[in-house]
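In what follows, a structure is listed as structure tokens, so that the remarks can point back to it.
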Amino acid sequence: MEWFTITIDGREVSVPKGTTVLEACRMNNIPIPTLCHDPELTPSGACRLCVVQIEGMRNLPPSCVTQVAQGMKIETQNPKVRAARKTILELLVANHPLDCMTCEKMGNCSLAEYAYEYGVKGDVFAGEKRDLPVDDANPFIIRDPNKCILCGKCIKACTEIQGKSRLDFSFRGFNTQVGPAYNIPLNESDCDFCGSCVSVCPVGALTEKQMAGKGRPWEVTKVQTTCPFCGVGCNFDLNVKDGKVIGVTSNPQAPVNGKALCVKGRFGMDMIYSSRRITTPLIRKDGVLVPAEWDEALDLVASKFREIKDAYGANALASLSSAHCTNEENYLMQKFMRAVIGTNNVDHCART
Amino acid sequence: MAENQKILVCAGTGCASSGALPIIDILKEEIKRQGLEETVTIVGTGCQGFCEKGPTIVIEPQHVLYTRVQGEDIAEIVASDVMKGERVERLLLLDTETQKPVTKMSDIRFFAKQHRIVLKNCGVIDPQRIQDYTARDGYKALEKVLKEMKPNEVIEEVKKSGLRGRGGAGFPTGLKWSFCQQTPSDKKYIICNADEGDPGAFMDRSVLEGDPHSVIEGMLIGAFAMGVDEGYVYCRAEYPLAIKHLSIAIKQAEEAGFLGDNILNSGFNFRLKVFAGAGAFVCGEETALMASIEGKRGMPRVRPPFPAVSGLWGKPTNINNVETWSNIPHIIRHGAEWYAQFGTEKSKGTKIFALTGKVNNTGLVEVPMGTTLREIIFDIGGGIQNGKAFKAVQIGGPSGGCLPENMLDLSVDYETLTNAGAMVGSGGLVIMDETTCMVDIARFFVNFSQKESCGKCTPCREGNKRMYDILDKITKGEGKIEDLDTLENLALTIKETSLCGLGQNAPNPVLATLKYFRHEFEAHILEHKCPAHVCSALLSYAIDADKCKKCGLCAKNCPANCIKGDKNTPYVINQDECIKCGTCLDKCKFGAVTRS
């Protein structure tokens, strides 16, 4: 691999060819603010917050899409660069509802974090702000276009990770907004509600409806676990407050799925506290389902299997297993049917 | 009567909108009535250039130009000029200095100082007939290239000519071609950028309307040089006549064997399609243009990779604008040295400008690079309308800058104009006189840019809106002097951090007016005055009691009904209710109403 020697803020470092200036800085623990960048998505160079000064280059190039070259001299914190970033933040904050106290994103908002770092109060360009209706007609996602900073990550997550392309920009200039085609509510669009858009939103424009008002990020303990809904084995973080699961958030370190999840994994955890959840085996006695011990239930199933097999043969029995089970459990199921019962009548709910 | 006369009627969009199309029918009828069908040909041409004086008619071979021709003039033109060779003096143009009618078209100052290379056929041929183009050496350059030249030789010739992109940026065309040629690929594209969107610019439209084959021939030569077999002309849908003429020209070129497979038995194949844009100004930016052809939202993307490496559908692509392509056949036919004799050391050839605004002769002007602004505005353009004083020239469209009187001797070339804070741009020249407010003009152009921003990058989307807000505040008299620093800093940040050319150049009108007309901004802020009397919020009207004859005409016409007085009392304007429309000033016959 070819390595380039570059200078960042007077410090000489070596980075592999093909590295972007942003990556080179982060490899060397040099902080660069970004709003539209995400390592899982193709870079767009849209927010312009990551601009740096590079000797010999005109203007202030965005570090996220500028590749390093041998001998490049980069300045990431000089007054000109910081002033440009501050102006960009002033512009974003000027068109942002400053209702941070009641915003779900408080404590976890990139815009607030950088505004604090750069001393941005939002009074330099005070003027008109967007005033668009909030889309919360669906059970899963609250979409507040007034908080959107148009970084475009939700669009890329939907297109590049999910392959769905349900979101895009519409209108131009100050009226630009993000949404489904024809700006219909999400629940009327073809959205699958996987929530990948929510997982990449740097501000409070896309938030989990189920978690609204349930707790602040600093009150929540994140417990990494594996999704119980199917055999893929996605990992995510259960958000636990006061011993109770209040919702699910993606864990970018998840080895199988990264930030991607499906609607069940991200928004289906309310089943934990469902009153209709089955917690013990049930046996129907005189037409009524009665709770039973596992031994009693399993003995009953075994005896009934034998009765049917003796009376009608093994092929009178069939199994249908669930996507809820792991691959190993499903393997055992078919093994049991073939080796113990003696039939090939094996099926699965996710077969079609 | 001269044998084989031709009557050229301008049927370009400009003249068509001032009534040229019915004139063609009336003329045909009249010629038929006089039994002259055998000897007189009527040609509906593309733009003849003199839009201000349209509809225009040229009689050949006498080379006489008649201006502002109406249907009722036709019988006289045919009876006098066509049949007897006697000029219809009242329809001839008056010389701007001598005020005498000019009989020969080439003696008209508007045309005399021009040098028409790209516009050679515009206004002369019937753009809907390929025979008219081939009769004037059309497709000879293509023939020369296919029979006598190798692709590299073509590129070398274009490089030697010094031709630079006429879309505005001025990148050397030959060099650009060589990048695309050198990128290995199984498929490449070329594109003609005909998404001319600058307010007041109509060069490309006129070339496509008046001489579409020259663009097709230029593209064919480029395709051969770069090894390309497919091309697009991306033309804005607001140019229906250009699209129509281009589509006819493509069909005729296909039938004549200039487009398609095995062109002129050379084994070279090239197909050309027309793609109509959907009205976004930003689609003139090359990466947004390609996204639009691909069916995506027209939004620019970061470069590199440049189109020469990864363009349309990820394939190497070369994009040039209409005027650039149209120059190519001339360069090949006459040679690079011939072409390079025109222009300056670094900016070769000619450039077409669309001259508009408060100038006497608005129209299409082609001059050698290096001509001064003064020559264009005063010699060709005939100076300022109604004897008013010149104030500024906006050059380069909404991305350009406004230059004041003391910069009129600047040579029009890429470097000089960029150094002055303007740009050649696509070639729009909007002339402003003393009645133009420069703050209002800056506000107008920023408003255009902020509305046309694609919305992708923060500085362009949010910054242009805030520049507009500040300028709007100043024109309403609500500005503070520190707003000028905020405005300048914001403009520089937008310029330095925006993604594409739209954002990077949108602050130019603001920066240039702040640089050259700062006193006008200060007058608005500090004195609450608009020196040009344009910004209505800063105007006040008053009636001089001594001059008032108490006729009551002002009060009678006042739409706000805010002027009171009677036969015995001079009239007075209630300033709180006045809407500053200026009606009283216009109506008063005694000069009693003053504006300040």
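Just remember, in the structure tokens the first chain shown is A, the second B, etc., residues are 1-based per chain, and ligands are 1-based in the order shown.
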Using only C-alpha atoms, I'd like every residue of chain B that has an atom within 7 Å of chain A; please write them out as a compact mmCIF listing (two decimals) with N, CA and C atoms, in the first residue's frame.
# COMPACT_ATOMS: atom_id res chain seq x y z
N VAL B 302 -20.16 16.49 -5.87
CA VAL B 302 -18.77 16.92 -5.68
C VAL B 302 -17.90 16.40 -6.82
N GLN B 450 -31.04 32.66 -4.83
CA GLN B 450 -31.54 31.94 -3.66
C GLN B 450 -32.73 31.07 -4.02
N LYS B 451 -33.52 31.51 -4.99
CA LYS B 451 -34.66 30.70 -5.40
C LYS B 451 -34.21 29.50 -6.23
N GLU B 452 -33.11 29.66 -6.95
CA GLU B 452 -32.65 28.59 -7.83
C GLU B 452 -31.63 27.67 -7.18
N SER B 453 -31.21 27.97 -5.96
CA SER B 453 -30.29 27.08 -5.25
C SER B 453 -30.93 25.69 -5.17
N CYS B 454 -30.13 24.65 -5.39
CA CYS B 454 -30.72 23.31 -5.38
C CYS B 454 -31.06 22.86 -3.97
N GLY B 455 -30.47 23.52 -2.97
CA GLY B 455 -30.78 23.19 -1.59
C GLY B 455 -29.84 22.19 -0.96
N LYS B 456 -28.83 21.75 -1.72
CA LYS B 456 -27.96 20.69 -1.19
C LYS B 456 -27.00 21.22 -0.12
N CYS B 457 -26.22 22.24 -0.45
CA CYS B 457 -25.20 22.66 0.53
C CYS B 457 -25.69 23.85 1.34
N THR B 458 -25.30 23.88 2.60
CA THR B 458 -25.80 24.87 3.56
C THR B 458 -25.54 26.32 3.13
N PRO B 459 -24.28 26.68 2.78
CA PRO B 459 -24.04 28.10 2.52
C PRO B 459 -24.89 28.66 1.39
N ARG B 461 -27.85 27.39 0.17
CA ARG B 461 -29.28 27.32 0.46
C ARG B 461 -29.70 28.35 1.51
N GLU B 462 -28.99 28.36 2.63
CA GLU B 462 -29.38 29.25 3.74
C GLU B 462 -28.75 30.63 3.58
N GLY B 463 -27.49 30.65 3.07
CA GLY B 463 -26.75 31.91 3.01
C GLY B 463 -27.33 32.90 2.02
N LYS B 465 -30.33 33.13 1.05
CA LYS B 465 -31.60 33.62 1.62
C LYS B 465 -31.32 34.76 2.61
N ARG B 466 -30.29 34.58 3.43
CA ARG B 466 -30.00 35.61 4.44
C ARG B 466 -29.38 36.85 3.79
N THR B 493 -18.04 33.90 2.78
CA THR B 493 -18.16 32.51 3.25
C THR B 493 -18.91 31.66 2.23
N GLU B 496 -16.61 30.87 -0.60
CA GLU B 496 -15.50 29.95 -0.31
C GLU B 496 -15.93 28.56 0.10
N THR B 497 -17.19 28.39 0.51
CA THR B 497 -17.56 27.07 1.04
C THR B 497 -18.67 26.37 0.25
If we count only C-alpha atoms and set the cut-off at 10 Å, which residues sit around Leu282 in chain A, ignoring sequence neighbours fewer than 4 positions away in its own chain? Please answer as a VMD selection string.
chain A and resid 278 288 to 294 296 to 297
Using N, CA and C atoms, can you export the residues from the last selection as a CSV table (one decimal), in the first residue's frame?
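In the end it all went to selection.csv:
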chain,number,residue,atom,x,y,z
A,278,ILE,N,-47.7,-14.8,26.1
A,278,ILE,CA,-47.8,-16.1,26.7
A,278,ILE,C,-46.5,-16.4,27.5
A,288,VAL,N,-61.2,-24.6,27.7
A,288,VAL,CA,-60.6,-23.4,28.3
A,288,VAL,C,-59.1,-23.6,28.4
A,289,LEU,N,-58.3,-22.6,28.0
A,289,LEU,CA,-56.8,-22.8,28.1
A,289,LEU,C,-56.4,-22.5,29.6
A,290,VAL,N,-55.7,-23.6,30.1
A,290,VAL,CA,-55.3,-23.5,31.5
A,290,VAL,C,-53.8,-23.6,31.6
A,291,PRO,N,-53.2,-22.7,32.4
A,291,PRO,CA,-51.7,-22.8,32.6
A,291,PRO,C,-51.3,-24.1,33.1
A,292,ALA,N,-50.1,-24.6,32.6
A,292,ALA,CA,-49.6,-25.9,33.0
A,292,ALA,C,-48.1,-25.9,33.2
A,293,GLU,N,-47.6,-26.9,33.8
A,293,GLU,CA,-46.1,-27.1,34.0
A,293,GLU,C,-45.5,-27.6,32.6
A,294,TRP,N,-44.3,-27.3,32.4
A,294,TRP,CA,-43.6,-27.7,31.1
A,294,TRP,C,-43.7,-29.3,31.0
A,296,GLU,N,-45.8,-31.5,32.2
A,296,GLU,CA,-47.1,-31.9,31.9
A,296,GLU,C,-47.5,-31.7,30.4
A,297,ALA,N,-47.1,-30.5,30.0
A,297,ALA,CA,-47.4,-30.1,28.6
A,297,ALA,C,-46.6,-30.9,27.6
Tell me, counting only C-alpha atoms, for each residue of range 372-420 of chain B within 12 Å of range 350-356 of chain B, which pair of atoms is nearest and how far apart they are in Å to one decimal, in rows ordered by chain and increasing number, as a Markdown table.
| residue | atom | partner | partner_atom | distance |
| --- | --- | --- | --- | --- |
| B:Leu373 | CA | B:Phe353 | CA | 10.9 |
| B:Ile376 | CA | B:Leu355 | CA | 8.5 |
| B:Ile377 | CA | B:Leu355 | CA | 8.0 |
| B:Phe378 | CA | B:Leu355 | CA | 11.2 |
| B:Ile380 | CA | B:Leu355 | CA | 9.5 |
| B:Gly381 | CA | B:Leu355 | CA | 7.4 |
| B:Gly382 | CA | B:Leu355 | CA | 10.9 |
| B:Gly383 | CA | B:Leu355 | CA | 11.3 |
| B:Ile384 | CA | B:Thr356 | CA | 10.8 |
| B:Gln385 | CA | B:Thr356 | CA | 11.1 |
| B:Val393 | CA | B:Thr356 | CA | 9.8 |
| B:Gln394 | CA | B:Thr356 | CA | 9.9 |
| B:Ile395 | CA | B:Phe353 | CA | 9.4 |
| B:Gly396 | CA | B:Phe353 | CA | 9.7 |
| B:Gly397 | CA | B:Ala354 | CA | 10.4 |
| B:Val412 | CA | B:Lys351 | CA | 9.1 |
| B:Asp413 | CA | B:Lys351 | CA | 9.1 |
| B:Tyr414 | CA | B:Lys351 | CA | 10.7 |
